Amino acid sequence: MLKKYFNLFDLSQKVDYKIEILSGLTVAMALIPEAVAFALIAGLSPLTGLYAAFVMGLVTSVLGGRPGMISGATGAVAIVIAALAKSHGVEYIFATVILAGLIQAIAGFLRLGKLMRLVPHPVIFGFVNGLAIIIFMSQIDQFKDGTGNWLNGEPLFILLGLVLVTMLIIWSLPKLSKAIPASLVAILVVFGVVLFFNIDTKTVGDIASISGSFPPFHIPEIPLNLTSFMLILPYAGIMAGVGLIESLLTLNIIDEITETRGSGNREAIAQGTANVLSGFFSGMGGCAMIGQSLINISAGARARLSGIVASLMLLIFIMFGAGLIEKMPMAALVGLMIMVAIGTFEWASFRTFNRMPKSDIFVMIMVTLVTAVLHNLALAVIVGVVIAALVFAWDNAKRIRARKRIDSNGIKHYEIYGPLFFGSIVAFNEKFDVLNDPDEVIIDFAESRVVDMSAIEALNKITERYQKVGKKIHLKHLSGDCRKLLQNAEEIIDVNVVEDPKYKLVVDRI
């Protein structure tokens with residue numbers, strides 16, 4: 001059972017151990033500059049980002065719902081906690097990370113991962129494109145010197161040349177051989193060229209020192225009272241939401257690439273557990289990293305082993321190999337991340353412009369802009385889902401129809417087609433001619449569906465209108481829960497047990 005759970009030795013899954021190990025090594029190198037950069041964005045020590053990358057990566061690789069997906073310190077989380085770090089210090093950050101992890105774990109146990117089904121495909125397109133732009137734009141800072149000015153002259157040409165060499169190797173090597181991940185080969189080749197020719201160029205050590213020890217266990221030193229809890233709760237809630245949204249969307253993207261299916265609820269529990277441990281082991285917390293995940297997947301990794309190797313190698317670099325890793329040229333990592341950005345962008349989305357509804361195109365562009373401009377991934381997804389939901393409601397509101405006829409007994413029939421919900425109530429009410437209708441009316445819902453409480457209220461009002469003018473009305477083919485919520489239902493509904501629908505309203509309290 002244990003072997004099958006970890007998916008390392010499961011015979012139903014063929015694992016290429018060489019690819020897994022080499023890919024993990026590549027990911028570990030790519031994790032370092034981003035973990036350091038995100039920690040600095042949050043106003044924290046570089047080691048808090050590196051410790052978070054180690055703990056998050058290890059725990060989610062072992063427990064997560066998507067083998068091959070990489071987690072670590074991320075920019076989305078850094079942006080959320082930056083204000084708190086500045087105002088109250090690192091101890092409150094550790095407490096916030098722990099509370100956010102608990103919220104994520106509870107969401108997983110409550111099986112809220114299924115809510116990702118509500119995210120439409122245009123939102124995912126926009127999210128991915130926005131992330132690709134963020135990944136690309138984040139590399140631009142490497143073309144500046146320590147004072148924030150653009151490089152020029154020889155330093156600029158050296159950096160550009162090494163970046164282009166890295167990109168060329170990553171692009172061309174898979175066409176010749178896939179025995180070794182192209183990303184790792186590119187990093188090693190550029191690293192070797194810089195060392196052999198003693199080229200003066202920006203290195204990892206120019207950003208910050210990564211030397212440290214094993215992540216120390218540390219209980220956050222904050223007052224244990226309601227005031228502290230209420231202070232960190234909003235930050236923890238936002239961090240938990242941002243982390244889950246980014247992680248579950250990344251999981252869906254990796255699912256599509258690998259044509260397999262991960263578990264969103266299991267991933268939520270793993271993300272929560274990882275954040276709790278990250279807070280106790282001096283880390284800033286984090287979530288899934290789409291860039292590093294795509295590096296891992298594009299290298300051929302499909303099992304949990306690659307993520308475990310990446311985390312352990314990162315720890316080894318911190319404890320024993322800092323001196324060597326700090327000499328790594330940033331050009332190699334910049335070239336790698338630019339290729340990741342190119343690979344991440346959904347270029348196919350341009351080809352769908354002529355085939356997609358204009359509303360979907362609008363949603364995709366809006367999510368891309370919010371993601372790329374504001375760097376707020378959770379807000380981007382929420383904006384996209386809200387716009388898509390409103391468009392869907394608007395389109396369905398126009399689909400309500402009524403076929404009208406008078407039978408041989410002089411009874412008028414309204415046969416309703418389409419969903420009856422809050423958006424279609426106005427159009428529904430316009431179908432009826434209460435004053436000029438005969439004394440007996442039947443409204444048939446065999447081809448319709450009463451969706452929400454607004455629709456129930458609309459039915460109550462239409463029956464009241466007919467009853468006020470002394471006319472008898474019958475409602476046919478309504479579900480059981482509709483009958484329970486309608487006023488005076490026994491007087492106006494014709495019950496047909498065989499044909500009446502069995503669906504339940506979303507407002508059902510039973």
# chains A, B, ... in the order shown; residues from 1 in each chain; ligands from 1
$ residues_around --residues "Phe157 of chain A" --least-positions-apart "5" --cutoff "12 Å" --atoms "only C-alpha atoms" --output "mmCIF file with N, CA and C atoms, in the first residue's frame"
data_model
loop_
_atom_site.group_PDB
_atom_site.id
_atom_site.type_symbol
_atom_site.label_atom_id
_atom_site.label_comp_id
_atom_site.auth_asym_id
_atom_site.auth_seq_id
_atom_site.Cartn_x
_atom_site.Cartn_y
_atom_site.Cartn_z
ATOM 1 N N PHE A 143 18.221 42.079 -16.622
ATOM 2 C CA PHE A 143 18.956 42.908 -17.570
ATOM 3 C C PHE A 143 19.235 44.302 -16.993
ATOM 4 N N LEU A 151 21.427 47.406 -18.212
ATOM 5 C CA LEU A 151 22.784 47.077 -18.638
ATOM 6 C C LEU A 151 23.023 47.610 -20.050
ATOM 7 N N ASN A 152 24.258 47.916 -20.362
ATOM 8 C CA ASN A 152 24.597 48.329 -21.721
ATOM 9 C C ASN A 152 26.021 47.888 -22.027
ATOM 10 N N LEU A 162 24.569 34.628 -23.750
ATOM 11 C CA LEU A 162 24.415 33.421 -22.939
ATOM 12 C C LEU A 162 22.948 32.989 -22.846
ATOM 13 N N VAL A 163 22.051 33.962 -22.774
ATOM 14 C CA VAL A 163 20.614 33.638 -22.751
ATOM 15 C C VAL A 163 20.207 32.956 -24.050
ATOM 16 N N LEU A 164 20.657 33.488 -25.165
ATOM 17 C CA LEU A 164 20.310 32.909 -26.472
ATOM 18 C C LEU A 164 20.901 31.521 -26.632
ATOM 19 N N ILE A 199 34.228 34.286 -17.690
ATOM 20 C CA ILE A 199 33.407 35.393 -18.186
ATOM 21 C C ILE A 199 32.771 36.130 -17.015
ATOM 22 N N ASP A 200 32.868 37.436 -17.049
ATOM 23 C CA ASP A 200 32.298 38.269 -15.989
ATOM 24 C C ASP A 200 30.829 38.546 -16.313
ATOM 25 N N THR A 201 29.931 37.877 -15.611
ATOM 26 C CA THR A 201 28.499 38.058 -15.827
ATOM 27 C C THR A 201 27.762 37.860 -14.520
ATOM 28 N N ALA A 331 22.193 34.082 -16.539
ATOM 29 C CA ALA A 331 21.794 33.989 -17.947
ATOM 30 C C ALA A 331 21.187 32.633 -18.260
#
$ select_by_dssp --residues "segment 207-390 of chain A" --states "alpha helix (DSSP H)" --output "ChimeraX atom specification"
/A:226-258,264-280,290-298,305-319,322-325,330-344,348-351,358-369,377-390
$ atom_distance --atom1 "atom CA of Leu390 of chain A" --atom2 "atom CA of Arg449 of chain A"
19.0 Å
$ select_by_dssp --residues "segment 258-463 of chain A" --states "strand (DSSP E)" --output "list in words"
Cys287, Ala288, Arg401, Ala402, Arg403, Lys404, Arg405, Ile406, Lys412, His413, Tyr414, Glu415, Ile416, Tyr417, Gly418, Pro419, Leu420, Glu440, Val441, Ile442, Ile443, Asp444, Phe445, Ala446, Glu447, Ser448, Arg449 and Val450 of chain A
$ residues_around --residues "Pro438 of chain A" --least-positions-apart "4" --cutoff "10 Å" --atoms "only C-alpha atoms" --output "MDAnalysis selection string"
chainID A and resid 406 410:412 433:434 471:472
$ write_last_selection --atoms "C-alpha atoms" --output "PDB file, in the first residue's frame"
ATOM      1  CA  ILE A 406     -56.572  26.638 -26.383  1.00  0.00           C
ATOM      2  CA  GLY A 410     -61.710  26.321 -23.770  1.00  0.00           C
ATOM      3  CA  ILE A 411     -58.723  25.870 -21.429  1.00  0.00           C
ATOM      4  CA  LYS A 412     -55.602  27.816 -22.391  1.00  0.00           C
ATOM      5  CA  ASP A 433     -52.136  37.757 -20.828  1.00  0.00           C
ATOM      6  CA  VAL A 434     -53.916  37.491 -17.478  1.00  0.00           C
ATOM      7  CA  LYS A 471     -59.459  32.643 -12.811  1.00  0.00           C
ATOM      8  CA  LYS A 472     -58.372  29.092 -12.066  1.00  0.00           C
TER       9      LYS A 472
END
$ residues_around --residues "Leu173 of chain A" --least-positions-apart "4" --cutoff "12 Å" --atoms "only C-alpha atoms" --output "PyMOL selection string"
chain A and resi 165-169+177-186+299
$ write_last_selection --atoms "C-alpha atoms" --output "PDB file, in the first residue's frame"
ATOM      1  CA  VAL A 165      22.728  29.960 -26.202  1.00  0.00           C
ATOM      2  CA  THR A 166      20.623  28.545 -23.363  1.00  0.00           C
ATOM      3  CA  MET A 167      17.413  28.933 -25.358  1.00  0.00           C
ATOM      4  CA  LEU A 168      18.982  27.420 -28.474  1.00  0.00           C
ATOM      5  CA  ILE A 169      20.123  24.321 -26.570  1.00  0.00           C
ATOM      6  CA  SER A 177      18.080  13.212 -28.184  1.00  0.00           C
ATOM      7  CA  LYS A 178      15.799  13.104 -25.158  1.00  0.00           C
ATOM      8  CA  ALA A 179      18.117  10.973 -23.046  1.00  0.00           C
ATOM      9  CA  ILE A 180      18.950  13.926 -20.771  1.00  0.00           C
ATOM     10  CA  PRO A 181      16.661  16.899 -20.042  1.00  0.00           C
ATOM     11  CA  ALA A 182      17.583  19.732 -22.389  1.00  0.00           C
ATOM     12  CA  SER A 183      17.156  22.291 -19.602  1.00  0.00           C
ATOM     13  CA  LEU A 184      19.832  20.614 -17.467  1.00  0.00           C
ATOM     14  CA  VAL A 185      22.224  20.339 -20.412  1.00  0.00           C
ATOM     15  CA  ALA A 186      21.728  24.033 -21.210  1.00  0.00           C
ATOM     16  CA  ALA A 299      11.759  17.058 -19.199  1.00  0.00           C
TER      17      ALA A 299
END
$ closest_residue --among "A:Pro223, A:Gly264, A:Gly43, A:Pro357" --to "Lys86 of chain A" --atoms "only C-alpha atoms"
A:Gly43
$ closest_residue --among "A:Gly146, A:Gly286, A:Pro220, A:Gly243" --to "Ala35 of chain A" --atoms "only C-alpha atoms"
A:Gly286
$ atom_distance --atom1 "atom CA of Ala402 of chain A" --atom2 "atom CA of Val469 of chain A"
21.7 Å
$ residues_around --residues "Val59 of chain A" --least-positions-apart "2" --cutoff "9 Å" --atoms "only C-alpha atoms" --output "list in words"
Phe54, Val55, Met56, Gly57, Ser61, Val62, Leu63, Gly64, Ser71, Ala270, Gln271, Thr273, Ala274, Leu277 and Ile308 of chain A
$ write_last_selection --atoms "N, CA and C atoms" --output "mmCIF file, in the first residue's frame"
data_model
loop_
_atom_site.group_PDB
_atom_site.id
_atom_site.type_symbol
_atom_site.label_atom_id
_atom_site.label_comp_id
_atom_site.auth_asym_id
_atom_site.auth_seq_id
_atom_site.Cartn_x
_atom_site.Cartn_y
_atom_site.Cartn_z
ATOM 1 N N PHE A 54 11.752 24.187 -0.138
ATOM 2 C CA PHE A 54 12.112 22.819 0.257
ATOM 3 C C PHE A 54 10.938 22.095 0.897
ATOM 4 N N VAL A 55 10.317 22.722 1.903
ATOM 5 C CA VAL A 55 9.230 22.053 2.633
ATOM 6 C C VAL A 55 8.011 21.856 1.739
ATOM 7 N N MET A 56 7.612 22.915 1.020
ATOM 8 C CA MET A 56 6.450 22.808 0.142
ATOM 9 C C MET A 56 6.673 21.756 -0.932
ATOM 10 N N GLY A 57 7.862 21.782 -1.548
ATOM 11 C CA GLY A 57 8.141 20.831 -2.617
ATOM 12 C C GLY A 57 8.143 19.397 -2.142
ATOM 13 N N SER A 61 5.076 16.766 -3.038
ATOM 14 C CA SER A 61 5.518 15.683 -3.926
ATOM 15 C C SER A 61 5.130 14.326 -3.362
ATOM 16 N N VAL A 62 5.182 14.210 -2.045
ATOM 17 C CA VAL A 62 4.857 12.932 -1.408
ATOM 18 C C VAL A 62 3.350 12.750 -1.242
ATOM 19 N N LEU A 63 2.661 13.796 -0.824
ATOM 20 C CA LEU A 63 1.243 13.675 -0.467
ATOM 21 C C LEU A 63 0.283 14.212 -1.519
ATOM 22 N N GLY A 64 0.772 14.975 -2.471
ATOM 23 C CA GLY A 64 -0.106 15.711 -3.380
ATOM 24 C C GLY A 64 -0.911 14.847 -4.331
ATOM 25 N N SER A 71 5.814 22.444 -6.182
ATOM 26 C CA SER A 71 5.345 23.549 -5.347
ATOM 27 C C SER A 71 6.535 24.219 -4.676
ATOM 28 N N ALA A 270 -2.720 18.340 0.720
ATOM 29 C CA ALA A 270 -1.252 18.355 0.692
ATOM 30 C C ALA A 270 -0.720 19.785 0.771
ATOM 31 N N GLN A 271 -1.344 20.721 0.035
ATOM 32 C CA GLN A 271 -0.917 22.114 0.084
ATOM 33 C C GLN A 271 -1.083 22.675 1.490
ATOM 34 N N THR A 273 -1.150 20.938 4.376
ATOM 35 C CA THR A 273 -0.153 20.308 5.247
ATOM 36 C C THR A 273 1.220 20.932 5.039
ATOM 37 N N ALA A 274 1.578 21.160 3.782
ATOM 38 C CA ALA A 274 2.884 21.743 3.465
ATOM 39 C C ALA A 274 3.011 23.153 4.036
ATOM 40 N N LEU A 277 3.520 23.002 7.873
ATOM 41 C CA LEU A 277 4.903 22.645 8.194
ATOM 42 C C LEU A 277 5.874 23.756 7.797
ATOM 43 N N ILE A 308 10.532 15.035 -5.272
ATOM 44 C CA ILE A 308 11.286 14.715 -4.061
ATOM 45 C C ILE A 308 12.762 15.014 -4.271
#
$ residues_around --residues "Ile219 of chain A" --least-positions-apart "2" --cutoff "8 Å" --atoms "only C-alpha atoms" --output "PyMOL selection string"
chain A and resi 217+221+280
$ write_last_selection --atoms "N, CA and C atoms" --output "mmCIF file, in the first residue's frame"
data_model
loop_
_atom_site.group_PDB
_atom_site.id
_atom_site.type_symbol
_atom_site.label_atom_id
_atom_site.label_comp_id
_atom_site.auth_asym_id
_atom_site.auth_seq_id
_atom_site.Cartn_x
_atom_site.Cartn_y
_atom_site.Cartn_z
ATOM 1 N N PHE A 217 13.134 24.287 13.312
ATOM 2 C CA PHE A 217 11.761 24.256 13.831
ATOM 3 C C PHE A 217 11.559 25.463 14.733
ATOM 4 N N GLU A 221 6.415 33.384 17.444
ATOM 5 C CA GLU A 221 6.377 34.124 18.703
ATOM 6 C C GLU A 221 5.454 35.333 18.572
ATOM 7 N N PHE A 280 6.005 26.288 10.512
ATOM 8 C CA PHE A 280 6.736 25.824 11.690
ATOM 9 C C PHE A 280 8.234 25.657 11.427
#
$ residues_around --residues "Leu31 of chain A" --least-positions-apart "2" --cutoff "8 Å" --atoms "only C-alpha atoms" --output "list of chain:residue names"
A:Val27, A:Ala28, A:Met29, A:Pro33, A:Glu34, A:Ala35, A:Ala53, A:Gly72, A:Gln292, A:Leu314
$ write_last_selection --atoms "C-alpha atoms" --output "compact mmCIF listing (two decimals), in the first residue's frame"
# COMPACT_ATOMS: atom_id res chain seq x y z
CA VAL A 27 14.06 22.00 -11.16
CA ALA A 28 16.15 22.47 -7.99
CA MET A 29 18.44 24.89 -9.84
CA PRO A 33 16.54 32.39 -7.94
CA GLU A 34 12.73 32.53 -7.83
CA ALA A 35 12.53 31.50 -4.16
CA ALA A 53 10.53 25.85 -1.44
CA GLY A 72 7.40 26.21 -3.62
CA GLN A 292 8.87 24.80 -12.50
CA LEU A 314 17.65 22.23 -3.00
$ closest_residue --among "A:Ser293, A:Glu430, A:Leu233, A:Pro329" --to "Ser306 of chain A" --atoms "only C-alpha atoms"
A:Ser293
$ closest_residue --among "A:Ile456, A:Val190, A:Ala236, A:Met230" --to "Arg483 of chain A" --atoms "only C-alpha atoms"
A:Ile456
$ atom_distance --atom1 "atom CA of Ala100 of chain A" --atom2 "atom CA of Ala268 of chain A"
11.4 Å
